[in-house]
$ cat upload_23.txt   # compact mmCIF, C-alpha atoms and all ligand atoms
# COMPACT_ATOMS: atom_id res chain seq x y z
CA MET O 1270 100.17 88.85 131.20
CA LYS O 1271 98.89 92.42 131.29
CA LEU O 1272 100.01 95.07 128.79
CA GLU O 1273 102.52 96.61 131.22
CA GLN O 1274 104.11 93.20 131.93
CA ILE O 1275 104.31 92.39 128.23
CA GLN O 1276 105.85 95.79 127.50
CA ALA O 1277 108.46 95.24 130.21
CA ALA O 1278 109.23 91.71 129.01
CA GLU O 1279 109.46 92.70 125.35
CA SER O 1280 111.72 95.62 126.14
CA ARG O 1281 114.17 93.12 127.70
CA LEU O 1282 113.71 90.23 125.27
CA LEU O 1283 112.96 91.45 121.76
CA LEU O 1284 115.07 93.22 119.21
CA PRO O 1285 113.68 96.75 119.23
CA THR O 1286 112.62 96.80 115.57
CA TYR O 1287 109.22 98.48 115.98
CA GLU O 1288 107.88 101.13 118.33
CA ARG O 1289 104.54 99.53 119.12
CA ASN O 1290 101.38 101.42 119.97
CA PRO O 1291 100.55 100.72 123.64
CA ILE O 1292 97.45 98.62 122.96
CA LEU O 1293 97.13 94.88 123.63
CA MET O 1294 94.98 93.36 120.90
CA VAL O 1295 93.26 90.10 121.78
CA GLY O 1296 90.62 89.62 119.08
CA GLY O 1297 88.85 90.89 116.02
CA GLU O 1298 85.44 90.87 114.39
CA GLY O 1299 84.63 92.15 110.91
CA VAL O 1300 86.40 95.48 110.49
CA HIS O 1301 87.06 95.89 114.22
CA LEU O 1302 90.01 94.93 116.41
CA ILE O 1303 89.33 94.31 120.11
CA ASP O 1304 91.76 95.04 122.94
CA GLU O 1305 92.22 93.42 126.35
CA ASN O 1306 89.54 95.65 127.88
CA GLY O 1307 86.98 94.79 125.21
CA THR O 1308 87.39 98.19 123.51
CA ARG O 1309 86.64 97.98 119.78
CA TYR O 1310 88.74 99.81 117.20
CA LEU O 1311 87.62 100.56 113.65
CA ASP O 1312 90.60 99.18 111.74
CA LEU O 1313 91.54 101.26 108.70
CA LEU O 1314 95.02 99.73 108.48
CA SER O 1315 94.31 95.96 108.48
CA GLY O 1316 97.73 94.89 109.71
CA ILE O 1317 99.45 97.12 107.08
CA GLY O 1318 97.26 96.00 104.21
CA VAL O 1319 97.06 92.31 105.11
CA ASN O 1320 93.67 91.42 106.62
CA ALA O 1321 91.72 91.78 103.39
CA LEU O 1322 88.59 90.03 104.67
CA GLY O 1323 88.80 91.64 108.11
CA TYR O 1324 88.64 89.49 111.23
CA GLY O 1325 86.85 86.22 111.84
CA HIS O 1326 85.70 85.73 108.25
CA PRO O 1327 84.14 82.26 108.04
CA ALA O 1328 85.80 81.50 104.68
CA ILE O 1329 89.24 81.88 106.27
CA GLU O 1330 88.34 80.05 109.47
CA ASP O 1331 86.84 77.12 107.54
CA ALA O 1332 89.82 76.86 105.19
CA ILE O 1333 92.25 76.87 108.13
CA ILE O 1334 90.31 74.22 110.04
CA GLU O 1335 89.78 71.97 107.02
CA GLN O 1336 93.32 72.20 105.63
CA SER O 1337 95.04 71.98 109.02
CA ARG O 1338 93.25 68.69 109.64
CA LYS O 1339 94.52 67.36 106.29
CA LEU O 1340 98.05 68.70 105.81
CA ILE O 1341 99.99 71.79 106.95
CA HIS O 1342 103.46 71.35 105.45
CA THR O 1343 105.13 69.08 102.91
CA SER O 1344 108.16 71.11 101.67
CA ASN O 1345 108.52 71.75 97.97
CA LEU O 1346 109.96 68.27 97.43
CA PHE O 1347 106.41 66.85 97.02
CA PHE O 1348 103.22 67.84 95.27
CA HIS O 1349 100.16 69.08 97.13
CA GLU O 1350 96.78 70.24 95.91
CA GLY O 1351 97.09 74.00 96.40
CA GLN O 1352 99.97 75.47 94.40
CA ALA O 1353 98.95 74.70 90.83
CA GLU O 1354 95.37 75.85 91.44
CA LEU O 1355 96.52 79.09 93.08
CA ALA O 1356 99.15 79.69 90.37
CA LEU O 1357 96.46 79.26 87.70
CA ARG O 1358 94.12 81.74 89.39
CA LEU O 1359 96.88 84.31 90.03
CA THR O 1360 98.51 84.13 86.60
CA ASN O 1361 95.09 84.49 84.95
CA ALA O 1362 94.32 87.51 87.14
CA ALA O 1363 97.72 89.09 86.45
CA GLY O 1364 98.05 88.31 82.73
CA LEU O 1365 101.30 86.42 83.39
CA ASP O 1366 102.35 82.78 83.00
CA ARG O 1367 104.26 81.32 85.94
CA ALA O 1368 104.40 81.65 89.72
CA PHE O 1369 106.93 81.16 92.50
CA PHE O 1370 105.52 81.07 96.04
CA CYS O 1371 107.30 82.25 99.19
CA ASN O 1372 106.43 83.61 102.64
CA SER O 1373 106.63 87.40 102.54
CA GLY O 1374 106.82 90.47 100.40
CA THR O 1375 110.55 90.85 100.61
CA GLU O 1376 111.10 87.23 99.57
CA ALA O 1377 108.88 87.71 96.52
CA TRP O 1378 110.91 90.81 95.65
CA GLU O 1379 114.22 88.96 96.15
CA ALA O 1380 112.96 86.29 93.75
CA ALA O 1381 112.13 89.01 91.21
CA LEU O 1382 115.61 90.57 91.52
CA LYS O 1383 117.32 87.19 91.22
CA ILE O 1384 115.35 86.08 88.19
CA ALA O 1385 116.02 89.45 86.51
CA ARG O 1386 119.76 88.96 86.96
CA ALA O 1387 119.52 85.34 85.80
CA TYR O 1388 117.51 86.34 82.74
CA ALA O 1389 120.04 89.02 81.78
CA GLY O 1390 122.79 86.41 82.22
CA MET O 1391 120.92 84.05 79.91
CA LEU O 1392 120.61 86.79 77.27
CA ARG O 1393 124.34 87.56 77.58
CA SER O 1394 125.17 83.89 77.11
CA GLN O 1395 123.20 84.11 73.85
CA GLY O 1396 125.37 87.01 72.69
CA GLN O 1397 123.10 89.92 73.63
CA SER O 1398 124.60 92.99 75.25
CA ILE O 1399 122.77 93.65 78.51
CA GLY O 1400 124.12 94.58 81.92
CA THR O 1401 123.24 93.86 85.54
CA LYS O 1402 122.12 97.28 86.79
CA PHE O 1403 118.73 97.98 88.39
CA LEU O 1404 116.91 101.31 88.10
CA ALA O 1405 114.66 101.87 91.11
CA LEU O 1406 112.63 104.93 92.06
CA GLU O 1407 113.07 107.64 94.62
CA GLY O 1408 110.45 107.04 97.33
CA SER O 1409 110.39 103.28 96.71
CA PHE O 1410 109.94 100.62 99.41
CA HIS O 1411 110.58 96.98 98.46
CA GLY O 1412 111.44 95.29 101.76
CA ARG O 1413 114.23 94.80 104.24
CA THR O 1414 116.41 91.88 103.14
CA MET O 1415 119.78 92.76 101.58
CA GLY O 1416 118.61 92.86 97.95
CA SER O 1417 115.23 94.43 98.63
CA VAL O 1418 116.66 97.07 100.92
CA ALA O 1419 119.26 97.99 98.29
CA THR O 1420 116.37 98.89 95.96
CA THR O 1421 114.52 100.80 98.73
CA TYR O 1422 115.09 104.53 98.57
CA LYS O 1423 115.19 105.96 102.09
CA GLU O 1424 118.72 105.96 103.45
CA LYS O 1425 117.58 105.14 106.99
CA TYR O 1426 116.65 101.63 105.78
CA ARG O 1427 119.88 101.05 103.80
CA GLU O 1428 122.75 102.94 105.37
CA PRO O 1429 123.12 101.06 108.69
CA PHE O 1430 123.58 97.81 106.75
CA ALA O 1431 126.05 98.99 104.12
CA PRO O 1432 127.36 97.64 101.89
CA VAL O 1433 124.02 96.45 100.50
CA MET O 1434 123.65 94.87 97.04
CA PRO O 1435 125.55 97.05 94.53
CA GLY O 1436 124.28 98.01 91.08
CA VAL O 1437 121.18 100.05 91.94
CA GLU O 1438 120.55 103.59 90.73
CA PHE O 1439 117.56 105.70 91.77
CA VAL O 1440 115.48 107.68 89.28
CA ARG O 1441 113.46 110.75 90.29
CA PHE O 1442 109.81 109.85 90.86
CA ASN O 1443 107.68 110.32 87.72
CA ASP O 1444 110.58 112.11 85.96
CA VAL O 1445 110.62 110.66 82.44
CA ALA O 1446 113.66 112.70 81.38
CA ASP O 1447 115.68 111.33 84.33
CA LEU O 1448 114.55 107.79 83.50
CA ARG O 1449 115.62 108.17 79.86
CA GLU O 1450 118.97 109.63 80.89
CA LYS O 1451 119.76 106.82 83.34
CA PHE O 1452 118.49 103.97 81.16
CA SER O 1453 121.00 102.13 78.95
CA SER O 1454 121.93 98.62 77.88
CA ASP O 1455 123.65 98.31 81.29
CA VAL O 1456 120.20 98.06 82.87
CA CYS O 1457 118.66 94.62 83.39
CA ALA O 1458 115.40 95.85 84.96
CA ILE O 1459 113.36 98.91 85.89
CA LEU O 1460 111.73 98.46 89.31
CA VAL O 1461 108.58 100.33 90.32
CA GLU O 1462 105.48 100.25 92.50
CA ALA O 1463 102.48 101.36 90.39
CA ILE O 1464 101.36 103.20 93.54
CA GLN O 1465 104.07 103.78 96.12
CA GLY O 1466 102.81 102.63 99.52
CA GLU O 1467 105.32 103.40 102.25
CA GLY O 1468 106.40 106.33 100.05
CA GLY O 1469 103.05 108.01 100.77
CA ILE O 1470 100.42 106.52 98.39
CA ARG O 1471 101.92 108.14 95.31
CA PRO O 1472 100.71 106.79 91.94
CA LEU O 1473 103.01 106.64 88.93
CA SER O 1474 101.97 108.77 85.98
CA GLN O 1475 100.75 107.00 82.84
CA GLU O 1476 103.53 108.73 80.92
CA PHE O 1477 106.22 107.38 83.26
CA LEU O 1478 104.97 103.80 83.22
CA ASP O 1479 104.55 103.92 79.42
CA ALA O 1480 108.12 105.19 79.08
CA ALA O 1481 109.43 102.44 81.39
CA ARG O 1482 107.60 99.79 79.33
CA THR O 1483 108.90 101.16 76.01
CA LEU O 1484 112.49 101.53 77.21
CA THR O 1485 112.68 98.02 78.65
CA ARG O 1486 111.20 96.52 75.47
CA SER O 1487 113.86 98.31 73.41
CA THR O 1488 116.76 96.40 75.03
CA GLY O 1489 115.35 93.17 76.50
CA ALA O 1490 115.49 94.60 80.04
CA LEU O 1491 112.57 93.72 82.32
CA LEU O 1492 109.82 95.86 83.80
CA ILE O 1493 109.16 94.66 87.36
CA ILE O 1494 106.16 96.04 89.23
CA ASP O 1495 105.93 95.54 92.99
CA GLU O 1496 102.26 94.97 93.89
CA ILE O 1497 102.92 93.73 97.42
CA GLN O 1498 100.85 96.56 98.90
CA ALA O 1499 98.68 97.68 95.96
CA GLY O 1500 97.96 94.27 94.44
CA PHE O 1501 95.46 91.46 94.92
CA GLY O 1502 92.41 93.69 94.72
CA ARG O 1503 93.22 96.62 97.00
CA THR O 1504 92.72 99.26 94.29
CA GLY O 1505 89.56 97.65 92.85
CA LYS O 1506 91.49 95.69 90.21
CA TRP O 1507 93.48 92.54 90.84
CA LEU O 1508 96.69 94.43 90.06
CA ALA O 1509 97.18 98.19 90.24
CA TYR O 1510 99.05 98.15 86.90
CA GLN O 1511 95.77 97.18 85.27
CA HIS O 1512 94.60 100.79 85.78
CA TYR O 1513 97.37 101.72 83.33
CA GLY O 1514 96.72 99.09 80.65
CA ILE O 1515 100.27 97.81 81.10
CA THR O 1516 101.57 94.31 81.84
CA PRO O 1517 105.04 93.94 83.39
CA ASP O 1518 107.42 91.03 82.84
CA ILE O 1519 107.39 90.28 86.56
CA THR O 1520 105.15 91.25 89.45
CA THR O 1521 105.15 90.49 93.16
CA ILE O 1522 102.16 90.01 95.49
CA ALA O 1523 102.06 89.30 99.23
CA LYS O 1524 100.30 91.17 102.02
CA PRO O 1525 96.57 90.32 101.53
CA LEU O 1526 97.13 87.13 99.54
CA ALA O 1527 96.36 84.62 102.30
CA GLY O 1528 94.14 86.89 104.40
CA GLY O 1529 96.60 87.15 107.29
CA LEU O 1530 98.75 84.05 106.88
CA PRO O 1531 102.24 84.65 105.47
CA LEU O 1532 102.35 84.03 101.71
CA GLY O 1533 104.06 85.81 98.84
CA ALA O 1534 104.16 85.20 95.12
CA MET O 1535 106.37 86.24 92.24
CA LEU O 1536 104.63 86.00 88.88
CA CYS O 1537 106.44 86.23 85.54
CA THR O 1538 106.17 85.59 81.82
CA GLU O 1539 107.04 82.26 80.22
CA GLU O 1540 109.98 84.00 78.52
CA VAL O 1541 111.50 85.18 81.82
CA ALA O 1542 110.87 81.81 83.49
CA ARG O 1543 113.29 80.25 80.96
CA ALA O 1544 116.13 81.63 83.11
CA ILE O 1545 115.32 79.43 86.14
CA HIS O 1546 116.19 75.75 86.50
CA PRO O 1547 115.76 73.34 89.44
CA GLY O 1548 118.19 74.09 92.25
CA MET O 1549 118.76 77.76 91.38
CA HIS O 1550 116.17 79.16 93.79
CA GLY O 1551 113.83 77.78 96.43
CA THR O 1552 112.20 77.92 99.85
CA THR O 1553 111.38 75.43 102.60
CA PHE O 1554 108.04 76.89 103.70
CA GLY O 1555 106.91 78.89 100.66
CA GLY O 1556 103.58 77.93 99.10
CA GLY O 1557 102.70 75.40 101.77
CA PRO O 1558 99.33 73.60 101.75
CA LEU O 1559 97.80 75.70 104.55
CA ALA O 1560 98.71 79.11 103.14
CA CYS O 1561 97.63 78.07 99.62
CA ALA O 1562 94.27 76.71 100.83
CA VAL O 1563 93.56 79.96 102.67
CA ALA O 1564 94.63 82.07 99.67
CA LEU O 1565 92.23 80.11 97.46
CA ALA O 1566 89.45 80.77 99.99
CA VAL O 1567 90.30 84.50 99.95
CA PHE O 1568 90.30 84.45 96.14
CA ASP O 1569 86.90 82.70 96.06
CA THR O 1570 85.45 85.15 98.58
CA ILE O 1571 86.65 88.21 96.65
CA GLU O 1572 84.95 86.79 93.54
CA GLN O 1573 81.77 85.49 95.19
CA GLU O 1574 81.16 88.59 97.29
CA GLY O 1575 81.94 90.94 94.37
CA LEU O 1576 84.61 92.62 96.46
CA LEU O 1577 86.51 94.24 93.57
CA GLU O 1578 83.36 96.17 92.63
CA HIS O 1579 82.71 96.89 96.31
CA ILE O 1580 86.26 98.25 96.76
CA GLU O 1581 85.75 100.52 93.77
CA SER O 1582 82.47 101.98 95.05
CA VAL O 1583 83.31 102.20 98.77
CA GLY O 1584 86.72 103.56 97.79
CA GLU O 1585 85.12 106.31 95.70
CA HIS O 1586 82.86 107.18 98.62
CA PHE O 1587 85.90 107.29 100.95
CA ARG O 1588 87.90 109.44 98.56
CA ALA O 1589 84.98 111.83 98.06
CA GLY O 1590 84.74 112.21 101.85
CA LEU O 1591 88.46 112.99 102.05
CA GLU O 1592 88.20 115.49 99.18
CA ASP O 1593 85.34 117.16 101.04
CA LEU O 1594 87.53 117.43 104.15
CA ARG O 1595 90.29 118.91 102.04
CA ALA O 1596 87.95 121.62 100.79
CA ARG O 1597 87.20 122.57 104.41
CA HIS O 1598 90.57 122.06 106.14
CA SER O 1599 93.47 124.03 104.74
CA ILE O 1600 95.97 121.87 106.67
CA ILE O 1601 95.21 119.04 104.18
CA THR O 1602 97.58 119.60 101.27
CA ASP O 1603 96.67 116.55 99.16
CA VAL O 1604 94.35 113.56 98.84
CA ARG O 1605 95.71 110.57 96.93
CA GLY O 1606 95.00 106.97 96.03
CA ILE O 1607 92.42 104.68 94.53
CA GLY O 1608 90.11 101.98 95.82
CA LEU O 1609 90.97 101.20 99.43
CA MET O 1610 94.55 102.49 99.18
CA LEU O 1611 94.09 106.11 100.19
CA ALA O 1612 95.94 108.92 101.91
CA VAL O 1613 95.70 112.51 103.02
CA GLU O 1614 98.81 114.59 103.28
CA LEU O 1615 98.92 117.23 106.02
CA GLU O 1616 100.99 120.40 106.17
CA SER O 1617 103.51 119.06 108.69
CA ALA O 1618 104.72 115.92 110.44
CA GLU O 1619 103.58 117.43 113.76
CA LEU O 1620 100.02 117.79 112.50
CA ALA O 1621 100.06 114.23 111.13
CA LYS O 1622 101.32 112.91 114.49
CA ALA O 1623 98.60 114.77 116.36
CA ALA O 1624 95.89 113.59 113.93
CA PHE O 1625 97.07 109.99 114.26
CA ALA O 1626 97.07 110.19 118.07
CA SER O 1627 93.58 111.77 118.18
CA MET O 1628 92.16 109.18 115.78
CA THR O 1629 93.60 106.37 117.92
CA ALA O 1630 92.11 107.98 121.04
CA ARG O 1631 88.76 107.79 119.21
CA GLN O 1632 89.36 104.08 118.53
CA ILE O 1633 90.03 104.49 114.83
CA LEU O 1634 93.26 102.92 113.60
CA ILE O 1635 95.19 104.51 110.75
CA ASN O 1636 98.91 105.06 110.32
CA ARG O 1637 101.36 107.73 109.35
CA THR O 1638 103.90 107.21 106.60
CA SER O 1639 106.49 109.47 104.96
CA GLU O 1640 106.13 111.78 107.99
CA THR O 1641 103.22 113.91 106.79
CA VAL O 1642 100.87 111.31 105.27
CA LEU O 1643 97.88 109.65 106.97
CA ARG O 1644 97.40 106.29 105.23
CA PHE O 1645 94.24 104.20 104.96
CA LEU O 1646 94.53 100.50 104.00
CA PRO O 1647 91.29 99.09 105.45
CA PRO O 1648 89.89 95.58 105.01
CA TYR O 1649 88.11 95.07 101.68
CA VAL O 1650 84.85 94.41 103.56
CA LEU O 1651 84.72 97.98 104.88
CA GLY O 1652 81.17 99.39 104.78
CA VAL O 1653 79.96 102.82 103.73
CA GLU O 1654 78.83 103.45 107.32
CA ASP O 1655 82.39 102.72 108.54
CA VAL O 1656 83.75 105.26 106.07
CA ASP O 1657 81.23 107.87 107.26
CA GLU O 1658 82.25 107.23 110.88
CA ALA O 1659 85.93 107.67 109.97
CA ILE O 1660 85.34 110.86 107.97
CA ARG O 1661 83.24 112.37 110.78
CA ALA O 1662 86.00 111.57 113.28
CA LEU O 1663 88.74 112.96 111.05
CA ASP O 1664 86.69 116.11 110.50
CA GLU O 1665 86.42 116.66 114.26
CA VAL O 1666 90.07 115.81 114.82
CA LEU O 1667 91.29 118.23 112.14
CA THR O 1668 88.99 120.94 113.51
CA SER O 1669 90.22 120.52 117.07
CA ILE O 1670 93.97 120.14 116.56
CA GLY O 1671 95.62 122.93 118.51
CA PRO O 1672 98.93 123.56 120.28
CA ALA O 1673 98.04 121.18 123.15
CA GLN O 1674 97.52 118.21 120.82
CA LEU O 1675 100.69 119.01 118.91
CA VAL O 1676 102.78 118.94 122.08
CA ALA O 1677 101.08 115.81 123.46
CA ALA O 1678 101.54 113.91 120.19
CA ALA O 1679 105.17 114.87 119.65
CA HIS O 1680 106.43 111.57 121.10
CA THR O 1681 103.51 109.24 120.50
CA GLY O 1682 101.95 110.25 117.22
CA GLY O 1683 102.07 107.38 114.82
CA LYS O 1684 104.88 104.96 114.50
CA ILE O 1685 106.55 105.04 111.13
CA GLY O 1686 107.65 101.92 109.24
CA ASP O 1687 106.09 99.18 107.11
C1 LIG H 1 105.47 97.71 98.13
C2 LIG H 1 106.09 96.81 99.15
N1 LIG H 1 107.05 95.95 98.78
C3 LIG H 1 107.62 95.12 99.65
C4 LIG H 1 107.26 95.10 100.98
C5 LIG H 1 107.91 94.14 101.94
O1 LIG H 1 106.99 93.19 102.35
P1 LIG H 1 107.26 92.29 103.69
O2 LIG H 1 107.20 93.24 104.84
O3 LIG H 1 106.16 91.28 103.67
O4 LIG H 1 108.60 91.68 103.52
C6 LIG H 1 106.28 96.00 101.42
C7 LIG H 1 105.90 96.03 102.86
O5 LIG H 1 105.35 96.99 103.35
C8 LIG H 1 105.68 96.87 100.48
O6 LIG H 1 104.73 97.74 100.86

$ encode --input "upload_23.txt" --output "structure tokens" --more "lines below"
Ligand SMILES: Cc1ncc(COP(=O)(O)O)c(C=O)c1O
Amino acid sequence: MKLEQIQAAESRLLLPTYERNPILMVGGEGVHLIDENGTRYLDLLSGIGVNALGYGHPAIEDAIIEQSRKLIHTSNLFFHEGQAELALRLTNAAGLDRAFFCNSGTEAWEAALKIARAYAGMLRSQGQSIGTKFLALEGSFHGRTMGSVATTYKEKYREPFAPVMPGVEFVRFNDVADLREKFSSDVCAILVEAIQGEGGIRPLSQEFLDAARTLTRSTGALLIIDEIQAGFGRTGKWLAYQHYGITPDITTIAKPLAGGLPLGAMLCTEEVARAIHPGMHGTTFGGGPLACAVALAVFDTIEQEGLLEHIESVGEHFRAGLEDLRARHSIITDVRGIGLMLAVELESAELAKAAFASMTARQILINRTSETVLRFLPPYVLGVEDVDEAIRALDEVLTSIGPAQLVAAAHTGGKIGD
């Protein structure tokens, strides 16, 4: 089928959850996606932070071929070779003790919410006074299932599905006084992203994260850090919270974990894991042999190719290029992020739409989030020359944006939504 036929069929047959860009992708190579006409796009979005090793990486292809010939699925009623090995590698990387595997970010986050409630229940049964309330942050995004969406800030994600899970209060972003005021023994967990992704690549302040850690320790409440977008290497460390010298009680990882296959993980301390017993939580597909084998191959590749160090240096180069653009283009109001999780904020949503549309027309894929923010989540294997190409293009785009581009982009400029 051609693009137009697919568009027509999808518009009749699919739930209209996303407004897709009108490009039919058929392949990929390295950091490039390839469309039906053979046009190559420099991919600075990597499937919203998923394709960590880019496209066609031999480590991923080999792992898929080898494991799919052996075993694809067993259910969690039997042992297979992958889960314990992957749990060992991830818990070591995260400074935590135990893992639960699932299929997506939102499932990892649901597991975190459930275990936090179960842990508080266990403490109450031991005579401790602790409630069931969650404190989440303004600007947060934790997923779209009923629990996750209840802890996600923007009303457009929550309101149509009301009533969502009760017992969530939002704290102003990086406002320590507001956090202190809203925290009490009613709270079972504080929920944060170390760097908000969908919220516009906004890092927490050291002071805020320190305060959250100290407050939770004072009552037995848990600190839960969502690393679904920032984690597993994207910022140049395995977990973004490692930039802060803080370890949470629970963290969640997903997007890049299996290099494009669906896999999520919730990691927690031994103490928190005491709250879960067989039968309380589970999944049919989660942590299957194929996804685990591929995740181990991604893990090996990140280590063997020195990708954390590469992310740090190529990320610094990228950020320096963006800072340079900011110095020359007054419509850039901010540059944020670390490693290969970067963003520029523009003066208006209209400008951001026009910039997105012009970059796409130049075959460079980025996306727009929180209306005014251009977000970059490229594959970890991005080269310095790719960054230079992107910066040159953005420079030209920002120089040439005028009334005509603003009007043209009004309806096409960058679809919002993770
Ligand atoms: C920080 C964060 N948490 C949770 C999610 C939800 O992940 P998924 O879409 O895999 O359910 C996302 C997705 O963008 C995310 O960025």

$ residues_near_ligand --input "upload_23.txt" --ligand "ligand LIG 1 (chain H)" --cutoff "10 Å" --atoms "only C-alpha atoms and all ligand atoms" --output "JSON, numbers by chain"
{"O": [1317, 1318, 1319, 1372, 1373, 1374, 1375, 1376, 1377, 1378, 1379, 1409, 1410, 1411, 1412, 1413, 1414, 1417, 1418, 1421, 1461, 1462, 1463, 1464, 1465, 1466, 1467, 1468, 1494, 1495, 1496, 1497, 1498, 1499, 1500, 1521, 1522, 1523, 1524, 1525, 1531, 1532, 1533, 1686, 1687]}

$ atom_distance --input "upload_23.txt" --atom1 "atom CA of Ser1639 of chain O" --atom2 "atom CA of Leu1609 of chain O"
18.4 Å

$ residues_around --input "upload_23.txt" --residues "Pro1517 of chain O" --least-positions-apart "3" --cutoff "7 Å" --atoms "only C-alpha atoms" --output "list in words"
Leu1492, Ile1493, Ile1494 and Thr1520 of chain O

$ residues_around --input "upload_23.txt" --residues "segment 1393-1401 of chain O" --least-positions-apart "3" --cutoff "8 Å" --atoms "only C-alpha atoms" --output "PyMOL selection string"
chain O and resi 1386+1389-1390+1436+1454-1457+1488-1490

$ residues_around --input "upload_23.txt" --residues "Ile1292 of chain O" --least-positions-apart "4" --cutoff "12 Å" --atoms "all atoms listed in the file" --output "ChimeraX atom specification"
/O:1271-1273,1275-1276,1288,1296,1302-1310,1629-1630,1632,1634

$ closest_atom_pairs --input "upload_23.txt" --of "segment 1396-1509 of chain O" --to "segment 1321-1341 of chain O" --cutoff "10 Å" --atoms "only C-alpha atoms" --output "tab-separated table"
residue	atom	partner	partner_atom	distance
O:Phe1501	CA	O:Ala1321	CA	9.3
O:Gly1502	CA	O:Ala1321	CA	8.9
O:Arg1503	CA	O:Ala1321	CA	8.2

$ residues_around --input "upload_23.txt" --residues "Ala1405 of chain O" --least-positions-apart "4" --cutoff "6 Å" --atoms "all atoms listed in the file" --output "PyMOL selection string"
chain O and resi 1420+1439+1460

$ decode --input "upload_23.txt" --residues "segment 1384-1389 of chain O" --atoms "all heavy atoms" --output "short mmCIF file (atom, residue, chain, number, x, y, z; two decimals), in the first residue's frame"
data_model
loop_
_atom_site.label_atom_id
_atom_site.label_comp_id
_atom_site.auth_asym_id
_atom_site.auth_seq_id
_atom_site.Cartn_x
_atom_site.Cartn_y
_atom_site.Cartn_z
N ILE O 1384 3.62 -1.11 44.37
CA ILE O 1384 4.51 -1.59 45.44
C ILE O 1384 4.64 -0.53 46.54
O ILE O 1384 4.75 -0.86 47.72
CB ILE O 1384 5.89 -2.04 44.88
CG1 ILE O 1384 6.62 -2.94 45.87
CG2 ILE O 1384 6.77 -0.90 44.50
CD1 ILE O 1384 7.89 -3.58 45.33
N ALA O 1385 4.53 0.76 46.15
CA ALA O 1385 4.59 1.82 47.17
C ALA O 1385 3.38 1.73 48.10
O ALA O 1385 3.51 1.85 49.33
CB ALA O 1385 4.64 3.19 46.50
N ARG O 1386 2.21 1.48 47.51
CA ARG O 1386 1.01 1.33 48.35
C ARG O 1386 1.11 0.07 49.22
O ARG O 1386 0.76 0.09 50.39
CB ARG O 1386 -0.24 1.25 47.47
CG ARG O 1386 -0.67 2.58 46.88
CD ARG O 1386 -1.66 3.27 47.82
NE ARG O 1386 -2.01 4.62 47.38
CZ ARG O 1386 -2.96 4.91 46.49
NH1 ARG O 1386 -3.67 3.95 45.94
NH2 ARG O 1386 -3.23 6.16 46.19
N ALA O 1387 1.63 -1.01 48.63
CA ALA O 1387 1.75 -2.26 49.39
C ALA O 1387 2.76 -2.11 50.53
O ALA O 1387 2.55 -2.62 51.63
CB ALA O 1387 2.17 -3.40 48.45
N TYR O 1388 3.84 -1.37 50.26
CA TYR O 1388 4.87 -1.18 51.28
C TYR O 1388 4.30 -0.35 52.44
O TYR O 1388 4.50 -0.69 53.62
CB TYR O 1388 6.09 -0.50 50.67
CG TYR O 1388 7.21 -0.28 51.65
CD1 TYR O 1388 7.95 -1.35 52.14
CD2 TYR O 1388 7.53 1.00 52.10
CE1 TYR O 1388 8.97 -1.16 53.06
CE2 TYR O 1388 8.55 1.21 53.02
CZ TYR O 1388 9.26 0.12 53.48
OH TYR O 1388 10.27 0.31 54.40
N ALA O 1389 3.56 0.71 52.10
CA ALA O 1389 2.96 1.53 53.16
C ALA O 1389 1.98 0.68 53.98
O ALA O 1389 1.91 0.78 55.21
CB ALA O 1389 2.25 2.74 52.56
#
